[in-house]
Structures are given as structure tokens and as C-alpha cells.
Amino acid sequence: MKISKLIKILLVLVIFLAVFVAIYFYQQVPHGQTPFLKAVDRSETMTLMQGSQQVHLRKANKSWEVSASQGPWYTADPEKVKTLLAGLHDVRVEDVISEQADRGDYELSAASGTRVTLFGPGQKTLADGFFGKQAPDFAHIYFRFPDRPQVYLARNMIRGELVGAALNEWRDRTLIDWPEAKVESVTIEGPGFTTSLARSSDTWTLDGKKIDPAPVYTLLGTLAHLKADDFVVPSKTTVYSYDMLRLAKITARTADRSLELCIGAEYAPTKRYPVAVAPDSGIAWLYESKVNSLLVKPSSFKSPS
């Protein structure tokens, strides 16, 4: 009887120990293993931090806006935001592979990793985590939670989809996006010349005289879908304001709207021109070849044959 009772006690202890061990290992992996899944749809703002850099993203109606720690908000690149959110939604945290997240080969430190934080109403933190280096199998990325030392393997996220924490990498590079067929006039005020183009039905004129429309359509192909090559980052050598962009001006009009593309003097070291479409749009860069294709002189247009 005593042996039977002892066996029962030992059996209870073994079961208790097994349950304890199971709970311990279960707690090492986040519940559901998808820490960003529910947060993606509920988030109103996001922060990405990488070393001393950080950017903030926030919902603005059906689009997103981006800003640095201080400064104005700009339209965010919709495809980059969509890709990031899709990746976060599907991130699946799997195995613990190390207890030393500070090891350099994981790139999970505050200086080398990319920390992504999603916030809901009232700036309540919904999800938070560091993404590091891509794992050697390229199917996983190293991941850690800010308050844990463990390094996890995470699936369904590519490091390139995180973009980083540089403001200009997140900005939408679209400067102009108009239907070419709706543009009714274009006036180019360049250095020492003015080109005045106008449409009447399918006929284009230069200073009231009918011209071959082919060069006009080439011009509109660039102007109506103009994208920035980059954005100006203020420094000691590149300080620009909207009022300084006086080299040239291109005015385009449709039946219900108009815009002015202001162009400044070329920055010779990089062969780029500072441009802007509005005082509050920020200053963008266009390479020399693109600006040359926009500053079309009257002599480039000929009468129809």
C-alpha cells in the first residue's frame, strides 16, 4: 500500500513538472506567434527607428503621411506602406535560436536593428519589435521583442520591405500625376526663352500657330507623370527655399486646375536641379537629363508637314 501511494505521489509530481515545463516553453514564444497580426488593422500611427533616425507614419483618410521627428508631414509612398503592412500582418515568429540578442551578427541592437512600433487610439502601443539581419536561408529574418533577450527566427518579412528610418525613403516621389489628354496648355519660361503651347481639340499650337504635336506629346509624357529623383536634405552646401527656385517655371493647366513647377539653378557637383510644385511641397531633385527634356525651346517645334 505504501509503495502504491508513493508511486501515485511521484506520478503527480511528474505530471506537475511536465505541465510546468510545457508552460515555460510555451511562454517563450508569443501567443499565436503573429505579434503584429491584429495590430495592423487597428493601428493609426507607426514609428520606425534605426539608430538615431526615426520616421513617423500616420493614416490620413485613405492614404498615409510621413514625417521625421520634427518637421512637416508629407505624402508617404503608398506602395512602400502597403508592402510594410502586408509583411507585418503575416510575420510569424518561430524558434528561439539564441539568448544573446546583443551579438553583432544578428543586427538586433538599437543601433543596427529596425524597431517597428504600431499604435492605436490614444497612442496605445499595439505591437512592438526589432527586426535584424536576414537569416542565411533568406526565408527568415532575426527578430526580438524590446523587453526580451531572446533572438527569434521570423518568417514572411524581408529586410528590404522595412525600408528603414530615413524620411526621404518613405516619401511619395510623385510630383505631378495628371491625365495627359486633359492638359490644355503648357507655358515654359526658361532661361532666355518662353514656349507657349495650347491645345484645341487634337490640335496643338505654339504662340497661336499650328505645330506638329509629336514633340508636345513627348513633353507631356514626362511632365504629366513627373516623379522626383530624390528630395533635398538641407545641409551647409544645399540650402534651398521655394523663393530661390527662379531659373525656370513651367505652368500647366487643365479645364479645372493648374500648377507651377519652379526650377532652381543646377547643383553642379551632382548635376541635379532643385524643383517644387508648391511652397509647402518640399524641395525635390531632378537630374539634368530630365530637366533638359522639360525646358523645351520654341525651335524644337515645327509646323505640321
# chains A, B, ... in the order shown; residues from 1 in each chain; ligands from 1
>>> residues_around(residues="Gly160 (chain A)", least_positions_apart="2", cutoff="12 Å", atoms="only C-alpha atoms", output="NGL selection string")
:A and (80 or 83-84 or 87 or 114 or 131-134 or 138 or 141 or 156-158 or 162-165 or 169)
>>> write_last_selection(atoms="C-alpha atoms", output="PDB file, in the first residue's frame")
ATOM      1  CA  LYS A  80       6.023  51.001 -49.629  1.00  0.00           C
ATOM      2  CA  THR A  83       4.232  46.311 -48.583  1.00  0.00           C
ATOM      3  CA  LEU A  84       5.290  47.033 -44.993  1.00  0.00           C
ATOM      4  CA  GLY A  87       4.668  41.969 -44.257  1.00  0.00           C
ATOM      5  CA  THR A 114      14.940  48.400 -37.162  1.00  0.00           C
ATOM      6  CA  PHE A 131      13.919  43.294 -36.985  1.00  0.00           C
ATOM      7  CA  GLY A 132      17.541  42.493 -37.720  1.00  0.00           C
ATOM      8  CA  LYS A 133      19.631  40.836 -40.371  1.00  0.00           C
ATOM      9  CA  GLN A 134      18.201  38.457 -42.945  1.00  0.00           C
ATOM     10  CA  PHE A 138      16.727  34.127 -46.821  1.00  0.00           C
ATOM     11  CA  ILE A 141      14.759  37.355 -40.503  1.00  0.00           C
ATOM     12  CA  ASN A 156       7.296  36.340 -44.041  1.00  0.00           C
ATOM     13  CA  MET A 157       9.314  39.542 -43.722  1.00  0.00           C
ATOM     14  CA  ILE A 158      12.129  40.690 -45.999  1.00  0.00           C
ATOM     15  CA  LEU A 162      11.210  47.664 -43.849  1.00  0.00           C
ATOM     16  CA  VAL A 163      12.803  50.450 -45.963  1.00  0.00           C
ATOM     17  CA  GLY A 164      14.476  51.972 -42.898  1.00  0.00           C
ATOM     18  CA  ALA A 165      14.044  55.178 -40.943  1.00  0.00           C
ATOM     19  CA  GLU A 169      12.976  56.845 -48.482  1.00  0.00           C
TER      20      GLU A 169
END
>>> select_by_dssp(residues="region 3-185 of chain A", states="alpha helix (DSSP H)", output="VMD selection string")
chain A and resid 3 to 27 37 to 42 78 to 90 167 to 170
>>> select_by_dssp(residues="region 159-189 of chain A", states="strand (DSSP E or B)", output="list in words")
Arg171, Thr174, Ser185, Val186, Thr187, Ile188 and Glu189 of chain A
>>> write_last_selection(atoms="C-alpha atoms", output="PDB file, in the first residue's frame")
ATOM      1  CA  ARG A 171       8.161  59.980 -49.264  1.00  0.00           C
ATOM      2  CA  THR A 174       5.078  61.734 -57.383  1.00  0.00           C
ATOM      3  CA  SER A 185      -1.855  74.391 -72.120  1.00  0.00           C
ATOM      4  CA  VAL A 186       1.795  74.430 -71.101  1.00  0.00           C
ATOM      5  CA  THR A 187       3.929  77.543 -70.719  1.00  0.00           C
ATOM      6  CA  ILE A 188       7.680  77.114 -70.291  1.00  0.00           C
ATOM      7  CA  GLU A 189       9.565  80.166 -69.037  1.00  0.00           C
TER       8      GLU A 189
END
>>> residues_around(residues="Met46 (chain A)", least_positions_apart="4", cutoff="12 Å", atoms="only C-alpha atoms", output="ChimeraX atom specification")
/A:36,39-42,54-59,64-68,81,84-85,88,115-121,123-129,165
>>> closest_residue(among="A:Tyr152, A:Tyr142, A:Phe231, A:Trp73", to="Glu107 (chain A)", atoms="only C-alpha atoms")
A:Tyr142
>>> atom_distance(atom1="CA of Ala228 (chain A)", atom2="CA of Tyr273 (chain A)")
10.4 Å
>>> atom_distance(atom1="CA of Tyr240 (chain A)", atom2="CA of Ala276 (chain A)")
10.5 Å
>>> residues_around(residues="region 241-244 of chain A", least_positions_apart="6", cutoff="10 Å", atoms="only C-alpha atoms", output="ChimeraX atom specification")
/A:234,262-265,274-283
>>> write_last_selection(atoms="N, CA and C atoms", output="JSON list (two decimals), in the first residue's frame")
[["chain", "number", "residue", "atom", "x", "y", "z"],
["A", 234, "PRO", "N", 18.49, 69.42, -46.34],
["A", 234, "PRO", "CA", 19.23, 70.65, -46.05],
["A", 234, "PRO", "C", 20.60, 70.37, -45.42],
["A", 262, "CYS", "N", 8.42, 75.04, -60.36],
["A", 262, "CYS", "CA", 9.51, 76.02, -60.27],
["A", 262, "CYS", "C", 10.84, 75.28, -60.19],
["A", 263, "ILE", "N", 11.82, 75.77, -60.96],
["A", 263, "ILE", "CA", 13.11, 75.10, -61.08],
["A", 263, "ILE", "C", 14.22, 76.07, -60.68],
["A", 264, "GLY", "N", 15.12, 75.60, -59.84],
["A", 264, "GLY", "CA", 16.25, 76.43, -59.41],
["A", 264, "GLY", "C", 17.50, 76.13, -60.21],
["A", 265, "ALA", "N", 18.56, 76.84, -59.90],
["A", 265, "ALA", "CA", 19.84, 76.66, -60.59],
["A", 265, "ALA", "C", 20.42, 75.28, -60.30],
["A", 274, "PRO", "N", 17.12, 71.67, -58.16],
["A", 274, "PRO", "CA", 16.05, 71.70, -57.14],
["A", 274, "PRO", "C", 14.75, 72.18, -57.77],
["A", 275, "VAL", "N", 13.64, 71.51, -57.45],
["A", 275, "VAL", "CA", 12.35, 71.88, -58.02],
["A", 275, "VAL", "C", 11.27, 71.76, -56.94],
["A", 276, "ALA", "N", 10.14, 72.40, -57.21],
["A", 276, "ALA", "CA", 8.99, 72.29, -56.31],
["A", 276, "ALA", "C", 7.72, 72.64, -57.08],
["A", 277, "VAL", "N", 6.60, 72.06, -56.68],
["A", 277, "VAL", "CA", 5.32, 72.35, -57.32],
["A", 277, "VAL", "C", 4.42, 73.21, -56.44],
["A", 278, "ALA", "N", 4.86, 73.49, -55.22],
["A", 278, "ALA", "CA", 4.09, 74.34, -54.31],
["A", 278, "ALA", "C", 5.01, 74.78, -53.18],
["A", 279, "PRO", "N", 4.71, 75.92, -52.53],
["A", 279, "PRO", "CA", 5.58, 76.40, -51.45],
["A", 279, "PRO", "C", 5.74, 75.41, -50.30],
["A", 280, "ASP", "N", 4.69, 74.61, -50.04],
["A", 280, "ASP", "CA", 4.75, 73.70, -48.89],
["A", 280, "ASP", "C", 5.00, 72.24, -49.30],
["A", 281, "SER", "N", 5.40, 72.01, -50.55],
["A", 281, "SER", "CA", 5.58, 70.63, -51.01],
["A", 281, "SER", "C", 6.96, 70.07, -50.71],
["A", 282, "GLY", "N", 7.86, 70.93, -50.26],
["A", 282, "GLY", "CA", 9.23, 70.50, -50.07],
["A", 282, "GLY", "C", 10.00, 70.60, -51.39],
["A", 283, "ILE", "N", 11.32, 70.61, -51.30],
["A", 283, "ILE", "CA", 12.17, 70.76, -52.49],
["A", 283, "ILE", "C", 12.65, 69.38, -52.93]]
>>> residues_around(residues="Glu99 (chain A)", least_positions_apart="2", cutoff="10 Å", atoms="only C-alpha atoms", output="list in words")
Val96, Ile97, Ala101, Asp102, Arg103, Arg148, Pro149, Gln150, Val151 and Tyr152 of chain A
>>> closest_residue(among="A:Gly122, A:Ser98, A:Leu108, A:Asn168", to="Thr45 (chain A)", atoms="only C-alpha atoms")
A:Gly122
>>> residues_around(residues="Arg253 (chain A)", least_positions_apart="3", cutoff="6 Å", atoms="only C-alpha atoms", output="list of chain:residue names")
A:Val183, A:Glu184, A:Ser185, A:Arg257, A:Ser258
>>> closest_residue(among="A:Phe143, A:Trp285, A:Trp178, A:Phe301", to="Pro213 (chain A)", atoms="only C-alpha atoms")
A:Phe301
>>> closest_residue(among="A:Ala252, A:Leu226, A:Leu245, A:Ala139", to="Leu175 (chain A)", atoms="only C-alpha atoms")
A:Leu226
>>> closest_residue(among="A:Asn61, A:Thr194, A:Ser299, A:Thr34", to="Thr75 (chain A)", atoms="only C-alpha atoms")
A:Asn61
>>> closest_residue(among="A:Ala268, A:Leu295, A:Leu259, A:Ala110", to="Gly192 (chain A)", atoms="only C-alpha atoms")
A:Leu295
>>> atom_distance(atom1="CA of Ile211 (chain A)", atom2="CA of Lys297 (chain A)")
13.4 Å
>>> residues_around(residues="Val93 (chain A)", least_positions_apart="3", cutoff="8 Å", atoms="only C-alpha atoms", output="ChimeraX atom specification")
/A:29-30,33-35,143,152-155
